[in-house]
Amino acid sequence: MRLDRRDLLLSAGAAGLLAAAPGALAQTPAAPDTADQALGRHLDDLAERLLIKTPETATSLGLDKDARAGLKGQLSDAAWANVLDDRGFCRDGLRALEAFPDSALSPQARIHKGVVAYALKLGADAAPFDYGDNTLASAMSESSTPYVVSQQDGAYAAVPEFLDSQHAIETEDDADDYLSRLHELSQVLAEETDRIRKDDRLGVVPPDFILANILGQQQGLLAIRPGQSRLVTSLARRAREKQLSGDLEARATRLVETEVYPALAQQYETLKGLAPRAGRDAGVWRLPQGEAYYRWLLREGTSTSLTADEIHRIGLEQNRAIEARMDGLLRARGLAQGTVGERMTALGRDPKHLFPDTDAGRAQLIDYLNGVIAAMRPKLSQAFTLRLKAPIEVKRVPVEIEDGAGQGYMNFGSLDGSRPSTYYINLKTTQNWPKFSLPTLTFHEGVPGHAWTGAYLTETGKMPLIRIILSGFNAYIEGYALYAEQLADEIGMYDADWAGRLGYLQAQRFRAVRLVVDTGLHAKRWTRDQAIQWAVDNTGRARDAMTSEIDRYCATPGQACGYKIGHTEINRMRDKARAAFGPRFDVRRFNDLLVQTGSVPMDVLSATVDGWIASGGQMRL
């Protein structure tokens with residue numbers, strides 16, 4: 001029977017879970033004697049409530065044990081009623097924070113309060129948009145979307161990968177919890193299907209090119225015999241490795257055959273029935289309150305109040321500036337014919353820059369990525385004084401979801417250190433990855449990028465649990481990762497690699513292009529084909545790769561704008577600090593501050609940097 005989390009949130013069970021919360025703001029007595037301690041207790045309670053609402057978060061962080069062990073057999077409720085509850089949860093949370101005035105809090109506690117308030121306000125302000133998946137959880141996972149299911153979102157794509165890579169199998173109880181989640185998966189699929197029908201009645205249908213991709217992926221999954229599906233083979237393989245007893249493989253096969261596949265087939269048929277109403281228009285402008293919705297998505301994606309027109313203009317300006325730098329480098333190598341995009345396209349097709357498009361070539365590519373990570377590690381002391389381990393595992397995006405998945409992404413490691421960060425790269429074809437493009441991607445996803453900031457959370461224990469759960473501020477996450485690409489250049493990683501430096505600039509230009517095409521699609525009513533062509537012309541990247549990217553922006557509008565806006569803001573703050581400190585400025589201390597502040601909205605980061613400057617660099621977090 002499925003646990004009703006709305007009841008559990010109000011029960012004494014939540015209070016019992018609180019005792020197990022790690023990383024609290026401070027070790028407090030039963031009766032707090034400072035404002036910081038009172039806030040810390042409140043935020044710890046809020047964190048536990050959020051873990052109950054999203055059990056996958058507890059598993060991802062390695063917290064689904066001991067007092068929280070009951071969460072390991074559950075998946076998040078996907079019913080529309082839960083979305084409405086989420087908005088009430090956010091509104092109530094904002095009111096509760098009013099009891100903690102900033103004037104009584106320390107600078108660090110004010111950061112924690114400001115971060116939580118911003119996240120809750122995003123969730124509460126999603127209320128007018130009664131379609132898709134626009135919740136606190138989606139905002140904090142960079143995945144708010146107008147469509148309940150898309151080529152990259154939905155239980156059919158997310159849960160098999162989650163169970164395989166994050167649900168640990170060590171004991172028979174773990175295996176039973178896995179089977180419980182398989183049962184819940186069928187319910188989640190059914191809940192999503194109900195919401196797809198609801199959205200259809202509102203006139204919210206994915207465009208035909210997204211719908212075709214979803215249907216192709218789901219049809220491919222349903223064509224796999226139940227016993228051969230990853231949902232079964234993952235459990236069977238790991239159970240054998242741990243020598244667990246019982247008919248686990250048979251039980252999993254029955255669940256997939258009798259519950260999961262029928263629910264997925266029903267979702268497939270429901271989506272297939274949308275086809276006559278799926279048009280070609282790509283932007284959210286065509287949806288109910290579409291313009292207001294895109295403004296909310298841009299606020300979520302950039303954590304600024306910049307308008308679509310302003311973001312579009314910034315993208316055009318930065319695109320031109322980066323293009324000029326690339327033109328100079330290309331001309332210095334004797335490559336002067338054609339536009340910069342055309343020259344980069346030709347460079348990317350040169351066989352000497354490509355790995356073979358074979359399984360052996362894919363293995364070589366992954367070995368190369370591991371070598372790039374190894375080469376960066378000794379250089380990190382030039383950019384930081386922090387000493388972090390940041391273990392990373394490089395893996396191929398699972399074949400069954402690579403058609404709709406991003407080109408590269410990172411899953412953070414667990415808090416207990418039992419699972420390292422995982423850097424995924426989409427290897428549907430190696431032709432999308434000329435060798436000169438790979439170092440920058442790796443610095444972005446690995447070190448000193450996402451894996452480095454993630455390691456600070458998992459290795460130091462200095463961040464309250466609520467800040468780890470509510471850490472999905474897109475402009476910080478992706479803006480910092482672009483800044484990490486810049487740091488790699490600044491510490492000399494491309495000094496002997498002219499093509500790699502071009503790859504770095506191409507990647508930076510690509511993010512400027514994202515500002516143009518995302519706002520073009522959703523505010524200026526560009527067509528999908530128009531956006532693809534503009535991206536190909538201005539990046540010099542493969543059309544297949546750009547098609548996948550444009551479709552991603554159609555499914556998660558605004559998210560792609562966070563990268564360059566966040567990067568621009570971080571550089572503005574660094575310039576301000578450099579001007580204030582003059583010759584005393586130590587970029588390593590500034591970089592440490594960025595990591596120690598953690599994922600925050602841009603205005604909170606700016607206020608933190610201002611406080612650090614005012615303290616003469618003595619402020620410690």
# chains A, B, ... in the order shown; residues from 1 in each chain; ligands from 1

$ select_by_dssp --residues "region 252-489 of chain A" --states "strand (DSSP E or B)" --output "count of residues only"
14

$ closest_atom_pairs --of "region 70-148 of chain A" --to "region 301-320 of chain A" --cutoff "12 Å" --atoms "only C-alpha atoms" --output "CSV"
residue,atom,partner,partner_atom,distance
A:Val115,CA,A:Ser303,CA,11.0
A:Tyr118,CA,A:Ser303,CA,8.9
A:Ala119,CA,A:Ser303,CA,10.0
A:Lys121,CA,A:Ser303,CA,11.5
A:Leu122,CA,A:Ser303,CA,9.7
A:Ser138,CA,A:Gly301,CA,11.3
A:Ala139,CA,A:Gly301,CA,8.3
A:Met140,CA,A:Gly301,CA,10.0
A:Ser141,CA,A:Gly301,CA,10.6
A:Glu142,CA,A:Gly301,CA,7.4
A:Ser143,CA,A:Gly301,CA,9.5
A:Ser144,CA,A:Gly301,CA,9.3
A:Thr145,CA,A:Gly301,CA,11.6

$ residues_around --residues "region 376-384 of chain A" --least-positions-apart "4" --cutoff "7 Å" --atoms "only C-alpha atoms" --output "NGL selection string"
:A and (372 or 491 or 587-589 or 591-592)

$ write_last_selection --atoms "C-alpha atoms" --output "mmCIF file, in the first residue's frame"
data_model
loop_
_atom_site.group_PDB
_atom_site.id
_atom_site.type_symbol
_atom_site.label_atom_id
_atom_site.label_comp_id
_atom_site.auth_asym_id
_atom_site.auth_seq_id
_atom_site.Cartn_x
_atom_site.Cartn_y
_atom_site.Cartn_z
ATOM 1 C CA VAL A 372 41.848 14.767 -18.732
ATOM 2 C CA ILE A 491 45.741 27.894 -15.129
ATOM 3 C CA VAL A 587 41.790 34.596 -6.901
ATOM 4 C CA ARG A 588 42.089 31.325 -4.991
ATOM 5 C CA ARG A 589 40.329 32.859 -1.978
ATOM 6 C CA ASN A 591 37.158 30.802 -5.822
ATOM 7 C CA ASP A 592 37.050 29.175 -2.385
#

$ residues_around --residues "region 326-339 of chain A" --least-positions-apart "3" --cutoff "12 Å" --atoms "only C-alpha atoms" --output "list in words"
Asn319, Arg320, Ala321, Ile322, Glu323, Glu342, Arg343, Met344, Thr345, Ala346, Leu347, Asp497, Trp498, Ala499, Gly500, Arg501, Leu502, Gly503, Tyr504, Leu505, Gln506, Ala507, Gln508, Arg509, Val536, Asp537, Asn538, Thr539 and Gly540 of chain A

$ residues_around --residues "Arg87 (chain A)" --least-positions-apart "4" --cutoff "9 Å" --atoms "only C-alpha atoms" --output "PyMOL selection string"
chain A and resi 82-83+91-92+120+123-127+135-136

$ residues_around --residues "Leu274 (chain A)" --least-positions-apart "2" --cutoff "9 Å" --atoms "only C-alpha atoms" --output "VMD selection string"
chain A and resid 200 205 to 206 211 269 to 272 276 to 278

$ atom_distance --atom1 "CA of Thr527 (chain A)" --atom2 "CA of Asp130 (chain A)"
24.8 Å

$ atom_distance --atom1 "CA of Thr440 (chain A)" --atom2 "CA of Val340 (chain A)"
18.8 Å

$ residues_around --residues "region 561-565 of chain A" --least-positions-apart "5" --cutoff "7 Å" --atoms "only C-alpha atoms" --output "list in words"
Gly301, Thr302, Asn474, Ala475, Glu478, Gly479, Leu482, Arg511, Ala512, Arg514 and Leu515 of chain A

$ closest_residue --among "A:Pro101, A:Pro207, A:Pro464, A:Gly93" --to "Val149 (chain A)" --atoms "only C-alpha atoms"
A:Pro207

$ closest_residue --among "A:Asp177, A:Asp153, A:Asp102, A:Glu459" --to "Thr556 (chain A)" --atoms "only C-alpha atoms"
A:Asp153

$ closest_residue --among "A:Gly408, A:Gly73, A:Pro420, A:Gly616" --to "Gly582 (chain A)" --atoms "only C-alpha atoms"
A:Gly616

$ closest_residue --among "A:Phe89, A:Phe129, A:Tyr476, A:Phe209" --to "Thr547 (chain A)" --atoms "only C-alpha atoms"
A:Phe209

$ closest_residue --among "A:His42, A:Asp551, A:Pro146, A:Ala250" --to "Tyr294 (chain A)" --atoms "only C-alpha atoms"
A:Pro146

$ closest_residue --among "A:Ala79, A:Leu369, A:Ala155, A:Leu50" --to "Leu182 (chain A)" --atoms "only C-alpha atoms"
A:Ala155

$ atom_distance --atom1 "CA of Val256 (chain A)" --atom2 "CA of Thr422 (chain A)"
26.7 Å

$ select_by_dssp --residues "region 155-379 of chain A" --states "helix (DSSP H, G or I)" --output "JSON, numbers by chain"
{"A": [155, 156, 157, 158, 159, 160, 161, 162, 163, 164, 165, 172, 173, 174, 175, 176, 177, 178, 179, 180, 181, 182, 183, 184, 185, 186, 187, 188, 189, 190, 191, 192, 193, 194, 195, 196, 197, 198, 199, 200, 201, 208, 209, 210, 211, 212, 213, 214, 215, 216, 217, 218, 219, 220, 221, 222, 226, 227, 228, 230, 231, 232, 233, 234, 235, 236, 237, 238, 239, 240, 241, 248, 249, 250, 251, 252, 253, 254, 255, 256, 257, 258, 259, 260, 261, 262, 263, 264, 265, 266, 267, 268, 269, 270, 271, 272, 275, 276, 277, 284, 285, 286, 290, 291, 292, 293, 294, 295, 296, 297, 298, 299, 300, 301, 302, 308, 309, 310, 311, 312, 313, 314, 315, 316, 317, 318, 319, 320, 321, 322, 323, 324, 325, 326, 327, 328, 329, 330, 331, 332, 340, 341, 342, 343, 344, 345, 346, 347, 348, 349, 351, 352, 353, 359, 360, 361, 362, 363, 364, 365, 366, 367, 368, 369, 370, 371, 372, 373, 374, 375, 376, 377, 378, 379]}
